[in-house]
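Trainee: Just one file: my_file.tsv, with TSV, C-alpha atoms.
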chain	number	residue	atom	x	y	z
A	1	MET	CA	0.00	0.00	0.00
A	2	LEU	CA	1.13	3.54	-0.75
A	3	ALA	CA	0.30	6.38	1.63
A	4	LEU	CA	0.54	9.80	0.01
A	5	THR	CA	-0.41	13.31	0.95
A	6	VAL	CA	-2.25	14.97	-1.92
A	7	ASN	CA	-3.16	18.64	-1.59
A	8	GLY	CA	-2.66	18.38	2.14
A	9	LYS	CA	-4.96	15.37	2.58
A	10	PRO	CA	-4.02	11.72	3.05
A	11	MET	CA	-4.55	9.38	0.11
A	12	GLU	CA	-3.99	5.63	0.18
A	13	LEU	CA	-3.43	3.55	-2.92
A	14	ALA	CA	-3.98	-0.22	-2.49
A	15	THR	CA	-1.05	-1.09	-4.70
A	16	ALA	CA	2.66	-1.77	-4.28
A	17	SER	CA	3.73	0.71	-6.95
A	18	ALA	CA	2.13	3.56	-8.85
A	19	THR	CA	3.05	6.45	-11.09
A	20	LEU	CA	1.88	10.04	-11.05
A	21	ALA	CA	-0.29	9.18	-14.05
A	22	ASP	CA	-2.08	6.59	-11.87
A	23	VAL	CA	-2.74	9.24	-9.22
A	24	VAL	CA	-4.06	11.64	-11.85
A	25	THR	CA	-6.42	8.97	-13.19
A	26	ARG	CA	-7.59	8.03	-9.72
A	27	MET	CA	-8.42	11.66	-9.04
A	28	GLY	CA	-10.42	11.95	-12.25
A	29	LEU	CA	-8.06	14.59	-13.60
A	30	GLU	CA	-7.04	12.87	-16.82
A	31	GLY	CA	-6.88	15.33	-19.69
A	32	LYS	CA	-7.43	18.29	-17.33
A	33	ARG	CA	-5.17	21.31	-17.27
A	34	ILE	CA	-3.16	20.68	-14.13
A	35	ALA	CA	0.35	21.03	-12.80
A	36	ILE	CA	1.97	18.82	-10.18
A	37	GLU	CA	4.63	19.41	-7.58
A	38	ARG	CA	6.10	16.29	-5.96
A	39	ASN	CA	7.95	16.94	-2.71
A	40	GLY	CA	8.44	20.55	-3.71
A	41	GLU	CA	9.67	19.86	-7.25
A	42	ILE	CA	7.56	20.38	-10.34
A	43	VAL	CA	7.10	17.27	-12.46
A	44	PRO	CA	6.59	18.09	-16.16
A	45	ARG	CA	3.40	16.65	-17.65
A	46	SER	CA	5.45	14.56	-20.06
A	47	ARG	CA	6.89	12.61	-17.11
A	48	TYR	CA	3.73	11.65	-15.22
A	49	ALA	CA	3.73	8.16	-16.71
A	50	THR	CA	7.36	7.51	-15.82
A	51	THR	CA	7.47	9.12	-12.38
A	52	SER	CA	6.85	6.66	-9.54
A	53	VAL	CA	5.31	7.79	-6.30
A	54	ALA	CA	6.47	6.47	-2.93
A	55	SER	CA	4.89	6.36	0.50
A	56	GLY	CA	5.37	9.66	2.26
A	57	ASP	CA	5.34	11.67	-0.96
A	58	ARG	CA	3.66	15.03	-0.77
A	59	LEU	CA	1.89	16.04	-3.96
A	60	GLU	CA	0.42	19.39	-4.86
A	61	ILE	CA	-1.95	19.21	-7.81
A	62	VAL	CA	-3.19	22.58	-9.03
A	63	GLY	CA	-5.40	24.06	-11.71
A	64	ALA	CA	-6.36	27.55	-12.87
A	65	VAL	CA	-9.36	29.20	-11.23
A	66	GLY	CA	-10.94	32.64	-11.29
A	67	GLY	CA	-8.89	35.31	-9.56
A	68	GLY	CA	-7.74	38.89	-9.77
B	1	MET	CA	-15.55	63.39	-42.52
B	2	PRO	CA	-17.87	61.15	-40.50
B	3	GLY	CA	-20.43	62.71	-38.20
B	4	MET	CA	-19.76	62.63	-34.51
B	5	ASN	CA	-22.08	59.68	-33.99
B	6	ALA	CA	-20.28	57.50	-36.50
B	7	PRO	CA	-18.28	54.74	-34.86
B	8	ALA	CA	-14.77	55.97	-34.24
B	9	SER	CA	-11.89	53.67	-34.88
B	10	PRO	CA	-10.44	52.80	-31.49
B	11	SER	CA	-7.38	54.87	-30.83
B	12	SER	CA	-5.99	51.84	-29.00
B	13	LEU	CA	-5.23	50.23	-32.37
B	14	VAL	CA	-2.61	52.84	-33.06
B	15	ASP	CA	-1.52	53.24	-29.45
B	16	PRO	CA	-0.91	49.73	-28.17
B	17	LEU	CA	0.01	48.70	-24.66
B	18	ILE	CA	3.37	47.00	-24.90
B	19	VAL	CA	4.26	44.52	-22.17
B	20	ALA	CA	7.33	42.31	-22.43
B	21	GLY	CA	7.64	43.08	-26.13
B	22	ARG	CA	4.07	42.15	-27.00
B	23	ALA	CA	1.47	44.68	-28.16
B	24	TYR	CA	-2.11	44.72	-26.88
B	25	ARG	CA	-5.01	46.79	-28.20
B	26	SER	CA	-6.68	47.03	-24.80
B	27	ARG	CA	-5.16	48.81	-21.83
B	28	LEU	CA	-7.62	47.16	-19.50
B	29	ILE	CA	-6.56	43.95	-17.75
B	30	VAL	CA	-9.28	42.11	-15.89
B	31	GLY	CA	-9.48	39.49	-13.19
B	32	THR	CA	-11.66	36.42	-13.48
B	33	GLY	CA	-12.75	36.01	-9.85
B	34	LYS	CA	-16.01	36.71	-8.00
B	35	TYR	CA	-18.40	36.11	-10.92
B	36	ARG	CA	-21.58	34.06	-10.50
B	37	ASP	CA	-20.57	31.53	-13.15
B	38	PHE	CA	-18.34	31.14	-16.18
B	39	ASN	CA	-21.05	32.49	-18.51
B	40	GLU	CA	-21.09	35.75	-16.63
B	41	THR	CA	-17.28	35.75	-16.44
B	42	ARG	CA	-17.00	35.39	-20.18
B	43	ALA	CA	-19.76	37.86	-21.05
B	44	ALA	CA	-18.26	40.56	-18.82
B	45	ILE	CA	-14.71	40.00	-20.02
B	46	VAL	CA	-15.74	40.08	-23.68
B	47	ALA	CA	-17.61	43.34	-23.00
B	48	SER	CA	-14.54	44.79	-21.29
B	49	GLY	CA	-12.48	44.30	-24.43
B	50	ALA	CA	-9.62	43.04	-22.25
B	51	GLU	CA	-7.06	40.79	-23.90
B	52	ILE	CA	-5.08	39.95	-20.77
B	53	VAL	CA	-6.92	38.10	-18.00
B	54	THR	CA	-5.57	37.13	-14.61
B	55	VAL	CA	-6.06	33.62	-13.29
B	56	ALA	CA	-5.33	32.15	-9.87
B	57	ILE	CA	-3.50	28.86	-9.27
B	58	ARG	CA	-5.20	26.67	-6.67
B	59	ARG	CA	-5.30	23.07	-5.50
B	60	THR	CA	-7.72	20.97	-7.54
B	61	ASN	CA	-10.64	19.53	-5.63
B	62	LEU	CA	-10.24	15.86	-4.84
B	63	GLY	CA	-13.00	13.88	-6.47
B	64	GLN	CA	-14.29	16.75	-8.59
B	65	ASN	CA	-16.69	16.12	-11.42
B	66	ALA	CA	-14.68	15.30	-14.52
B	67	ASN	CA	-17.18	17.11	-16.73
B	68	GLU	CA	-17.18	20.29	-14.67
B	69	PRO	CA	-16.57	23.28	-16.94
B	70	SER	CA	-13.24	24.99	-16.44
B	71	LEU	CA	-12.25	28.62	-16.48
B	72	LEU	CA	-9.70	28.05	-19.23
B	73	ASP	CA	-12.39	26.52	-21.44
B	74	ALA	CA	-14.59	29.59	-20.93
B	75	LEU	CA	-11.64	31.87	-21.72
B	76	PRO	CA	-9.53	29.97	-24.25
B	77	ALA	CA	-5.90	30.80	-24.90
B	78	SER	CA	-6.82	31.43	-28.55
B	79	GLU	CA	-8.68	34.57	-27.44
B	80	PHE	CA	-6.93	35.73	-24.28
B	81	THR	CA	-3.46	36.11	-22.81
B	82	TYR	CA	-3.37	34.54	-19.36
B	83	LEU	CA	-1.75	36.33	-16.47
B	84	PRO	CA	-1.36	33.71	-13.72
B	85	ASN	CA	-1.05	35.36	-10.33
B	86	SER	CA	0.36	34.54	-6.92
B	87	ALA	CA	-2.61	36.09	-5.15
B	88	GLY	CA	-2.96	34.92	-1.57
B	89	CYS	CA	0.74	34.14	-1.13
B	90	TYR	CA	2.42	35.62	1.93
B	91	THR	CA	6.06	34.68	1.31
B	92	ALA	CA	8.43	34.93	-1.63
B	93	ASP	CA	8.80	31.16	-1.52
B	94	GLU	CA	5.05	30.48	-1.77
B	95	ALA	CA	4.76	32.97	-4.63
B	96	LEU	CA	7.67	31.34	-6.50
B	97	ARG	CA	6.20	27.87	-6.14
B	98	THR	CA	2.77	29.06	-7.21
B	99	LEU	CA	4.02	30.91	-10.28
B	100	ARG	CA	6.28	28.05	-11.34
B	101	LEU	CA	3.27	25.73	-11.12
B	102	GLY	CA	1.33	28.28	-13.17
B	103	ARG	CA	4.02	28.29	-15.82
B	104	GLU	CA	3.98	24.49	-15.99
B	105	LEU	CA	0.17	24.50	-16.12
B	106	LEU	CA	0.21	26.95	-19.03
B	107	ASP	CA	2.93	25.15	-21.02
B	108	GLY	CA	5.85	27.41	-20.24
B	109	HIS	CA	3.96	30.72	-20.35
B	110	LYS	CA	6.43	33.34	-19.02
B	111	LEU	CA	4.11	36.22	-18.19
B	112	CYS	CA	2.99	36.36	-14.56
B	113	LYS	CA	1.57	38.69	-11.96
B	114	LEU	CA	3.62	38.65	-8.78
B	115	GLU	CA	1.70	39.47	-5.64
B	116	VAL	CA	3.02	38.82	-2.14
B	117	LEU	CA	0.71	39.97	0.61
B	118	GLY	CA	1.73	41.16	4.04
B	119	ASP	CA	-1.55	41.36	5.88
B	120	SER	CA	-4.73	39.35	5.59
B	121	THR	CA	-7.00	42.26	6.56
B	122	SER	CA	-5.66	45.08	4.39
B	123	LEU	CA	-4.14	42.76	1.73
B	124	PHE	CA	-1.32	45.28	1.61
B	125	PRO	CA	1.73	43.92	-0.23
B	126	ASN	CA	4.82	42.77	1.64
B	127	VAL	CA	7.35	44.73	-0.38
B	128	ARG	CA	10.42	42.98	1.03
B	129	GLU	CA	9.11	39.54	0.06
B	130	THR	CA	7.92	40.96	-3.27
B	131	LEU	CA	11.44	42.20	-4.06
B	132	ILE	CA	12.97	38.83	-3.14
B	133	ALA	CA	10.47	36.94	-5.29
B	134	ALA	CA	10.83	39.38	-8.20
B	135	GLU	CA	14.60	38.86	-8.30
B	136	LYS	CA	14.25	35.07	-8.38
B	137	LEU	CA	11.46	35.09	-10.96
B	138	VAL	CA	13.34	37.41	-13.31
B	139	ALA	CA	16.45	35.22	-12.95
B	140	ASP	CA	14.26	32.22	-13.75
B	141	GLY	CA	13.12	33.79	-17.03
B	142	PHE	CA	9.67	35.06	-16.06
B	143	ASP	CA	8.16	38.29	-17.40
B	144	VAL	CA	7.01	39.75	-14.11
B	145	MET	CA	4.18	42.24	-13.78
B	146	VAL	CA	4.36	43.16	-10.14
B	147	TYR	CA	1.69	44.28	-7.70
B	148	THR	CA	3.17	46.64	-5.16
B	149	SER	CA	2.43	49.53	-2.84
B	150	ASP	CA	2.42	53.07	-4.25
B	151	ASP	CA	5.92	53.65	-2.88
B	152	PRO	CA	8.11	55.17	-5.64
B	153	ILE	CA	11.29	53.70	-4.16
B	154	ALA	CA	9.90	50.18	-4.17
B	155	ALA	CA	8.63	50.76	-7.71
B	156	ARG	CA	12.08	51.89	-8.85
B	157	GLU	CA	13.79	48.90	-7.27
B	158	LEU	CA	11.32	46.49	-8.86
B	159	GLU	CA	11.98	48.09	-12.23
B	160	GLN	CA	15.76	47.83	-11.69
B	161	ILE	CA	15.33	44.13	-10.91
B	162	GLY	CA	13.79	43.73	-14.35
B	163	CYS	CA	10.04	43.59	-13.82
B	164	VAL	CA	8.21	44.27	-17.11
B	165	ALA	CA	5.41	46.28	-15.52
B	166	ILE	CA	4.94	48.02	-12.17
B	167	MET	CA	1.43	47.77	-10.76
B	168	PRO	CA	0.89	49.93	-7.69
B	169	LEU	CA	-2.33	49.80	-5.75
B	170	ALA	CA	-4.61	52.84	-5.95
B	171	SER	CA	-6.40	51.74	-2.79
B	172	LEU	CA	-6.94	48.40	-1.03
B	173	ILE	CA	-7.69	45.29	-3.10
B	174	GLY	CA	-11.43	44.89	-3.55
B	175	SER	CA	-12.18	48.13	-1.67
B	176	GLY	CA	-13.51	50.16	-4.60
B	177	MET	CA	-12.10	53.29	-2.92
B	178	GLY	CA	-10.54	54.62	-6.12
B	179	ILE	CA	-7.35	56.63	-6.62
B	180	LEU	CA	-6.45	57.73	-3.09
B	181	ASN	CA	-2.96	59.07	-3.73
B	182	PRO	CA	-2.55	60.39	-7.26
B	183	TRP	CA	0.61	62.20	-6.17
B	184	ASN	CA	2.45	58.98	-5.40
B	185	LEU	CA	1.26	57.49	-8.67
B	186	ARG	CA	2.67	60.56	-10.44
B	187	LEU	CA	6.03	60.10	-8.74
B	188	ILE	CA	6.10	56.49	-9.90
B	189	LEU	CA	4.98	57.41	-13.42
B	190	ASP	CA	7.53	60.21	-13.76
B	191	GLN	CA	10.49	57.89	-13.21
B	192	ALA	CA	9.30	54.60	-14.73
B	193	LYS	CA	10.53	53.37	-18.11
B	194	VAL	CA	8.28	50.29	-18.04
B	195	PRO	CA	4.48	50.39	-18.11
B	196	VAL	CA	2.83	51.42	-14.85
B	197	LEU	CA	-0.67	50.05	-14.33
B	198	VAL	CA	-3.00	50.75	-11.46
B	199	ASP	CA	-3.79	47.41	-9.87
B	200	ALA	CA	-6.41	47.36	-7.13
B	201	GLY	CA	-8.82	49.88	-5.75
B	202	VAL	CA	-10.82	50.91	-8.80
B	203	GLY	CA	-14.51	51.16	-7.91
B	204	THR	CA	-16.16	52.76	-10.89
B	205	GLU	CA	-15.33	54.09	-14.34
B	206	SER	CA	-14.19	57.53	-13.22
B	207	ASP	CA	-11.46	55.87	-11.14
B	208	ALA	CA	-10.18	54.10	-14.25
B	209	SER	CA	-10.32	57.36	-16.21
B	210	ILE	CA	-8.36	59.20	-13.53
B	211	ALA	CA	-5.68	56.51	-13.55
B	212	MET	CA	-5.36	56.80	-17.32
B	213	GLU	CA	-5.42	60.63	-17.24
B	214	LEU	CA	-2.48	60.49	-14.83
B	215	GLY	CA	-0.55	58.67	-17.53
B	216	CYS	CA	-0.88	55.08	-16.41
B	217	ALA	CA	-0.27	52.59	-19.19
B	218	GLY	CA	-3.31	50.60	-18.12
B	219	VAL	CA	-5.57	49.49	-15.33
B	220	LEU	CA	-6.10	46.06	-13.78
B	221	MET	CA	-9.39	45.40	-12.03
B	222	ASN	CA	-11.66	42.59	-10.98
B	223	THR	CA	-14.17	43.40	-8.23
B	224	ALA	CA	-15.30	46.70	-9.76
B	225	ILE	CA	-16.74	44.73	-12.66
B	226	ALA	CA	-17.64	41.43	-11.03
B	227	LYS	CA	-19.47	43.01	-8.09
B	228	ALA	CA	-21.29	45.72	-10.03
B	229	ARG	CA	-25.05	45.13	-10.12
B	230	GLU	CA	-24.72	44.52	-13.86
B	231	PRO	CA	-21.19	43.26	-14.48
B	232	VAL	CA	-21.47	43.21	-18.28
B	233	ARG	CA	-22.62	46.82	-18.39
B	234	MET	CA	-19.91	47.90	-15.97
B	235	ALA	CA	-17.33	46.04	-18.06
B	236	ARG	CA	-18.40	48.13	-21.04
B	237	ALA	CA	-18.19	51.30	-18.92
B	238	MET	CA	-14.64	50.36	-17.90
B	239	ARG	CA	-13.61	49.76	-21.50
B	240	LEU	CA	-14.86	53.21	-22.45
B	241	ALA	CA	-13.33	54.82	-19.36
B	242	VAL	CA	-9.89	53.41	-20.06
B	243	GLU	CA	-10.09	54.52	-23.69
B	244	ALA	CA	-11.41	57.97	-22.74
B	245	GLY	CA	-8.80	58.45	-20.02
B	246	ARG	CA	-6.02	57.45	-22.40
B	247	GLU	CA	-7.28	59.84	-25.08
B	248	ALA	CA	-7.48	62.68	-22.55
B	249	PHE	CA	-3.95	61.97	-21.38
B	250	LEU	CA	-2.62	61.97	-24.95
B	251	ALA	CA	-4.63	65.07	-25.85
B	252	GLY	CA	-3.17	66.98	-22.89
B	253	ARG	CA	-5.65	68.74	-20.68
B	254	MET	CA	-6.01	72.52	-20.56
B	255	PRO	CA	-4.21	74.25	-17.72
B	256	ARG	CA	-6.12	74.69	-14.49
B	257	LYS	CA	-6.88	78.38	-13.83
B	258	GLN	CA	-8.03	78.55	-10.29
B	259	TYR	CA	-9.35	82.13	-10.10
B	260	GLU	CA	-9.55	83.10	-13.74
B	261	ALA	CA	-12.66	82.55	-15.85
B	262	SER	CA	-12.44	82.67	-19.64
B	263	PRO	CA	-15.57	82.93	-21.78
B	264	SER	CA	-15.91	80.45	-24.60
B	265	SER	CA	-18.17	82.72	-26.63
B	266	PRO	CA	-17.05	85.94	-28.33
B	267	THR	CA	-17.11	88.98	-26.05
B	268	SER	CA	-17.91	91.28	-28.97
B	269	GLY	CA	-20.99	91.48	-31.19
B	270	LEU	CA	-23.48	91.22	-28.34
B	271	ILE	CA	-26.84	92.75	-29.20
B	272	GLY	CA	-27.68	96.13	-27.79
B	273	SER	CA	-24.04	97.17	-27.45
What would you get if you wrote out this structure as C-alpha cells?
Mentor:
Amino acid sequence: MLALTVNGKPMELATASATLADVVTRMGLEGKRIAIERNGEIVPRSRYATTSVASGDRLEIVGAVGGG
Amino acid sequence: MPGMNAPASPSSLVDPLIVAGRAYRSRLIVGTGKYRDFNETRAAIVASGAEIVTVAIRRTNLGQNANEPSLLDALPASEFTYLPNSAGCYTADEALRTLRLGRELLDGHKLCKLEVLGDSTSLFPNVRETLIAAEKLVADGFDVMVYTSDDPIAARELEQIGCVAIMPLASLIGSGMGILNPWNLRLILDQAKVPVLVDAGVGTESDASIAMELGCAGVLMNTAIAKAREPVRMARAMRLAVEAGREAFLAGRMPRKQYEASPSSPTSGLIGS
C-alpha cells in the first residue's frame, strides 16, 4: 500500500507501486489542465507516466481558477 | 468626414500597450474572480475588451466532477493572454512555487503577476518579500508584472530588478475606494521606463479614467466589474473609461486656472451694445 499526501490530505493507494499518471487517473483529472509538484519539485506533464510515487510523498496538484 | 455619432476607430489600435515586447489593443486587464458563473465571467470579459486576463492557481478539488466546466475553457488561450497570479501568497517562496506551477500548467507561459501579501486584513503587499520573489522570478526567465504599494522607491527597485510592468495599488484590493494618492502614482509614473498600471482599488469608471489621465499605461481590475449590479454593463463602462482616459492623457488637458474665468463665446458682437 502507498500512503501519500495529496493537496494536504491523506490518500492511500492499495497497490505496491504507482506512477503520477495513476494518481491523476484516480483523481479523475485525466486530460485536465493541471500542474503537479512532488515533494516541492515540479514534475513536467510529459513525465507523469514515468514518475513513480512512494509512501510519504507530498503532492500538490493545481489548476487555474478565477482570480484577480 | 464622419459625423460625430459615427463609430470611431479605437485609438488603441494605433496606441498599443506594450508589455514584455508584446502589443495589446486594450489597456484594460481584468481578473476572473467573484463572478456568478463562467457564462457571466465570459460575457463581462468580452464586454470589457480586455485581452489579458488574470487567473489564480489553486489546488484541484479531490474527487471533482470530470465534466465540470473549467475557467480556461470559458476563456480559451486562442482569445486571451493569461496572467497567472500569486494572489494569496504571503512569502516569496510560496509565490515562486505558485508561479512556477502556473508556468507548468500553461505550457511554459512566461508572463505572470507577482503578488506577495503582508496582511490578511488590508491585503497590503509585503514589499520585502515581493522584491525577493521578483529577483528570483526574473532570474528564472519570467516576465514579471508586479503588484506593489504606491511607494516610488519600491517601484524603482522592482523596475531595476527587471520587472516588465509596475502595478501599484490605488487603494486596497477589492475596496472600490478609487485613486487615493494620485501624487504617489505621479512620482512612480515620472520615473518609470516600463508600463505602470493601477492594480487594485478601482470602484467605478471615473477611477479608471483618472488613472489613465495620470498617464498610467493601463488598469487592472476585478471586483469593480464582477461586483457591479450589472457586471457586463460595468465592463463596457470600464472599457470606455480606459479609452477615454487614455485619449485625454494623450490630448493633454487645458491648464487649471483657479481664479480666472475665460468665456468660450465671443465677447464682442453682443446685441444692444
Trainee: Using only C-alpha atoms, find which residues of chain B lie within 6 Å of chain A and jot them down as a ChimeraX atom specification.
Mentor: /B:31-33,54-60,63,66,101,104-105,222
Trainee: Can you tell me, as number ranges by chain, what residues are no more than 12 Å from Val242 of chain B when counting all atoms listed in the file, ignoring any on the same chain fewer than 5 positions away?
Mentor: B: 10-12, 17, 25-29, 48-50, 197-198, 202, 204-221, 235-237, 247-249
Trainee: Print the selection's residues with C-alpha atoms to a file, as a short mmCIF file (atom, residue, chain, number, x, y, z; two decimals), keeping the file's coordinate frame.
Mentor:
data_model
loop_
_atom_site.label_atom_id
_atom_site.label_comp_id
_atom_site.auth_asym_id
_atom_site.auth_seq_id
_atom_site.Cartn_x
_atom_site.Cartn_y
_atom_site.Cartn_z
CA PRO B 10 -10.44 52.80 -31.49
CA SER B 11 -7.38 54.87 -30.83
CA SER B 12 -5.99 51.84 -29.00
CA LEU B 17 0.01 48.70 -24.66
CA ARG B 25 -5.01 46.79 -28.20
CA SER B 26 -6.68 47.03 -24.80
CA ARG B 27 -5.16 48.81 -21.83
CA LEU B 28 -7.62 47.16 -19.50
CA ILE B 29 -6.56 43.95 -17.75
CA SER B 48 -14.54 44.79 -21.29
CA GLY B 49 -12.48 44.30 -24.43
CA ALA B 50 -9.62 43.04 -22.25
CA LEU B 197 -0.67 50.05 -14.33
CA VAL B 198 -3.00 50.75 -11.46
CA VAL B 202 -10.82 50.91 -8.80
CA THR B 204 -16.16 52.76 -10.89
CA GLU B 205 -15.33 54.09 -14.34
CA SER B 206 -14.19 57.53 -13.22
CA ASP B 207 -11.46 55.87 -11.14
CA ALA B 208 -10.18 54.10 -14.25
CA SER B 209 -10.32 57.36 -16.21
CA ILE B 210 -8.36 59.20 -13.53
CA ALA B 211 -5.68 56.51 -13.55
CA MET B 212 -5.36 56.80 -17.32
CA GLU B 213 -5.42 60.63 -17.24
CA LEU B 214 -2.48 60.49 -14.83
CA GLY B 215 -0.55 58.67 -17.53
CA CYS B 216 -0.88 55.08 -16.41
CA ALA B 217 -0.27 52.59 -19.19
CA GLY B 218 -3.31 50.60 -18.12
CA VAL B 219 -5.57 49.49 -15.33
CA LEU B 220 -6.10 46.06 -13.78
CA MET B 221 -9.39 45.40 -12.03
CA ALA B 235 -17.33 46.04 -18.06
CA ARG B 236 -18.40 48.13 -21.04
CA ALA B 237 -18.19 51.30 -18.92
CA GLU B 247 -7.28 59.84 -25.08
CA ALA B 248 -7.48 62.68 -22.55
CA PHE B 249 -3.95 61.97 -21.38
#
Trainee: Expressed in Å to a single decimal, how great is the separation between atom CA of Phe124 of chain B and atom CA of Ile225 of chain B?
Mentor: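 Going from atom CA of Phe124 of chain B over to atom CA of Ile225 of chain B, I get 21.0 Å.
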Trainee: So the first atom is atom CA of Pro182 of chain B and the second is atom CA of Arg246 of chain B; what is the distance between them in Å, to one decimal place?
Mentor: 15.8 Å
Trainee: May I have the residues within 7 Å of Thr5 of chain A as a JSON list (two decimals) with C-alpha atoms, keeping the file's coordinate frame, using all atoms listed in the file and disregarding those fewer than 6 positions away in the same chain?
Mentor:
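Below is the file that was written, part34.json:
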[["chain", "number", "residue", "atom", "x", "y", "z"],
["A", 11, "MET", "CA", -4.55, 9.38, 0.11],
["A", 56, "GLY", "CA", 5.37, 9.66, 2.26],
["A", 57, "ASP", "CA", 5.34, 11.67, -0.96],
["A", 58, "ARG", "CA", 3.66, 15.03, -0.77],
["A", 59, "LEU", "CA", 1.89, 16.04, -3.96]]
Trainee: From the list B:Gly108, B:Met145, B:Tyr90, B:Phe38, which residue is nearest Leu71 of chain B when using all atoms listed in the file?
Mentor: B:Phe38
Trainee: Rank nothing, just name the residue among B:Met254, B:Leu72, B:Ala44, B:Ala20 nearest to Arg233 of chain B, using only C-alpha atoms.
Mentor: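 When distances to Arg233 of chain B are compared using only C-alpha atoms, the smallest one comes from B:Ala44.
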Trainee: Could you tell me how far atom CA of Leu83 of chain B sits from atom CA of Val46 of chain B, in Å to one decimal place?
Mentor: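 Rounded to one decimal, the two atoms are 16.2 Å apart.
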Trainee: Identify, on the basis of only C-alpha atoms, every residue whose closest approach to Glu115 of chain B does not exceed 12 Å; exclude the query and any residue fewer than 3 positions from it along the same chain; express the result as a PDB file with C-alpha atoms, in the coordinates of the input.
Mentor:
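Dumped everything to out.pdb:
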ATOM      1  CA  GLY A  68      -7.740  38.890  -9.770  1.00  0.00           C
TER       2      GLY A  68
ATOM      3  CA  THR B  54      -5.570  37.130 -14.610  1.00  0.00           C
ATOM      4  CA  ALA B  56      -5.330  32.150  -9.870  1.00  0.00           C
ATOM      5  CA  LEU B  83      -1.750  36.330 -16.470  1.00  0.00           C
ATOM      6  CA  PRO B  84      -1.360  33.710 -13.720  1.00  0.00           C
ATOM      7  CA  ASN B  85      -1.050  35.360 -10.330  1.00  0.00           C
ATOM      8  CA  SER B  86       0.360  34.540  -6.920  1.00  0.00           C
ATOM      9  CA  ALA B  87      -2.610  36.090  -5.150  1.00  0.00           C
ATOM     10  CA  GLY B  88      -2.960  34.920  -1.570  1.00  0.00           C
ATOM     11  CA  CYS B  89       0.740  34.140  -1.130  1.00  0.00           C
ATOM     12  CA  TYR B  90       2.420  35.620   1.930  1.00  0.00           C
ATOM     13  CA  THR B  91       6.060  34.680   1.310  1.00  0.00           C
ATOM     14  CA  ALA B  92       8.430  34.930  -1.630  1.00  0.00           C
ATOM     15  CA  ASP B  93       8.800  31.160  -1.520  1.00  0.00           C
ATOM     16  CA  GLU B  94       5.050  30.480  -1.770  1.00  0.00           C
ATOM     17  CA  ALA B  95       4.760  32.970  -4.630  1.00  0.00           C
ATOM     18  CA  LEU B  96       7.670  31.340  -6.500  1.00  0.00           C
ATOM     19  CA  THR B  98       2.770  29.060  -7.210  1.00  0.00           C
ATOM     20  CA  LEU B  99       4.020  30.910 -10.280  1.00  0.00           C
ATOM     21  CA  CYS B 112       2.990  36.360 -14.560  1.00  0.00           C
ATOM     22  CA  GLY B 118       1.730  41.160   4.040  1.00  0.00           C
ATOM     23  CA  LEU B 123      -4.140  42.760   1.730  1.00  0.00           C
ATOM     24  CA  PHE B 124      -1.320  45.280   1.610  1.00  0.00           C
ATOM     25  CA  PRO B 125       1.730  43.920  -0.230  1.00  0.00           C
ATOM     26  CA  ASN B 126       4.820  42.770   1.640  1.00  0.00           C
ATOM     27  CA  VAL B 127       7.350  44.730  -0.380  1.00  0.00           C
ATOM     28  CA  ARG B 128      10.420  42.980   1.030  1.00  0.00           C
ATOM     29  CA  GLU B 129       9.110  39.540   0.060  1.00  0.00           C
ATOM     30  CA  THR B 130       7.920  40.960  -3.270  1.00  0.00           C
ATOM     31  CA  LEU B 131      11.440  42.200  -4.060  1.00  0.00           C
ATOM     32  CA  ILE B 132      12.970  38.830  -3.140  1.00  0.00           C
ATOM     33  CA  ALA B 133      10.470  36.940  -5.290  1.00  0.00           C
ATOM     34  CA  ALA B 134      10.830  39.380  -8.200  1.00  0.00           C
ATOM     35  CA  LEU B 137      11.460  35.090 -10.960  1.00  0.00           C
ATOM     36  CA  VAL B 144       7.010  39.750 -14.110  1.00  0.00           C
ATOM     37  CA  MET B 145       4.180  42.240 -13.780  1.00  0.00           C
ATOM     38  CA  VAL B 146       4.360  43.160 -10.140  1.00  0.00           C
ATOM     39  CA  TYR B 147       1.690  44.280  -7.700  1.00  0.00           C
ATOM     40  CA  THR B 148       3.170  46.640  -5.160  1.00  0.00           C
ATOM     41  CA  SER B 149       2.430  49.530  -2.840  1.00  0.00           C
ATOM     42  CA  ILE B 166       4.940  48.020 -12.170  1.00  0.00           C
ATOM     43  CA  MET B 167       1.430  47.770 -10.760  1.00  0.00           C
ATOM     44  CA  PRO B 168       0.890  49.930  -7.690  1.00  0.00           C
ATOM     45  CA  LEU B 169      -2.330  49.800  -5.750  1.00  0.00           C
ATOM     46  CA  ILE B 173      -7.690  45.290  -3.100  1.00  0.00           C
ATOM     47  CA  ASP B 199      -3.790  47.410  -9.870  1.00  0.00           C
ATOM     48  CA  ALA B 200      -6.410  47.360  -7.130  1.00  0.00           C
TER      49      ALA B 200
END
Trainee: List as a short mmCIF file (atom, residue, chain, number, x, y, z; two decimals) with C-alpha atoms, in the coordinates of the input the residues having at least one atom at most 10 Å from position (4.9, 10.0, -15.0) as given in the file, counting all atoms listed in the file.
Mentor:
data_model
loop_
_atom_site.label_atom_id
_atom_site.label_comp_id
_atom_site.auth_asym_id
_atom_site.auth_seq_id
_atom_site.Cartn_x
_atom_site.Cartn_y
_atom_site.Cartn_z
CA ALA A 18 2.13 3.56 -8.85
CA THR A 19 3.05 6.45 -11.09
CA LEU A 20 1.88 10.04 -11.05
CA ALA A 21 -0.29 9.18 -14.05
CA ASP A 22 -2.08 6.59 -11.87
CA VAL A 23 -2.74 9.24 -9.22
CA VAL A 24 -4.06 11.64 -11.85
CA VAL A 43 7.10 17.27 -12.46
CA PRO A 44 6.59 18.09 -16.16
CA ARG A 45 3.40 16.65 -17.65
CA SER A 46 5.45 14.56 -20.06
CA ARG A 47 6.89 12.61 -17.11
CA TYR A 48 3.73 11.65 -15.22
CA ALA A 49 3.73 8.16 -16.71
CA THR A 50 7.36 7.51 -15.82
CA THR A 51 7.47 9.12 -12.38
CA SER A 52 6.85 6.66 -9.54
CA VAL A 53 5.31 7.79 -6.30
#
Trainee: Do a neighbour search on Arg156 of chain B at 9 Å with only C-alpha atoms, toss out local chain neighbours closer than 6 positions, and write the hits as a list in words.
Mentor: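 Using only C-alpha atoms, the neighbours found are Ile166, Ile188, Gln191 and Ala192 of chain B.
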Trainee: For Leu13 of chain A, please output as a list in words all residues within 7 Å (counting only C-alpha atoms; exclusion window: fewer than 4 positions along the same chain).
Mentor: Met1, Leu2 and Ala3 of chain A
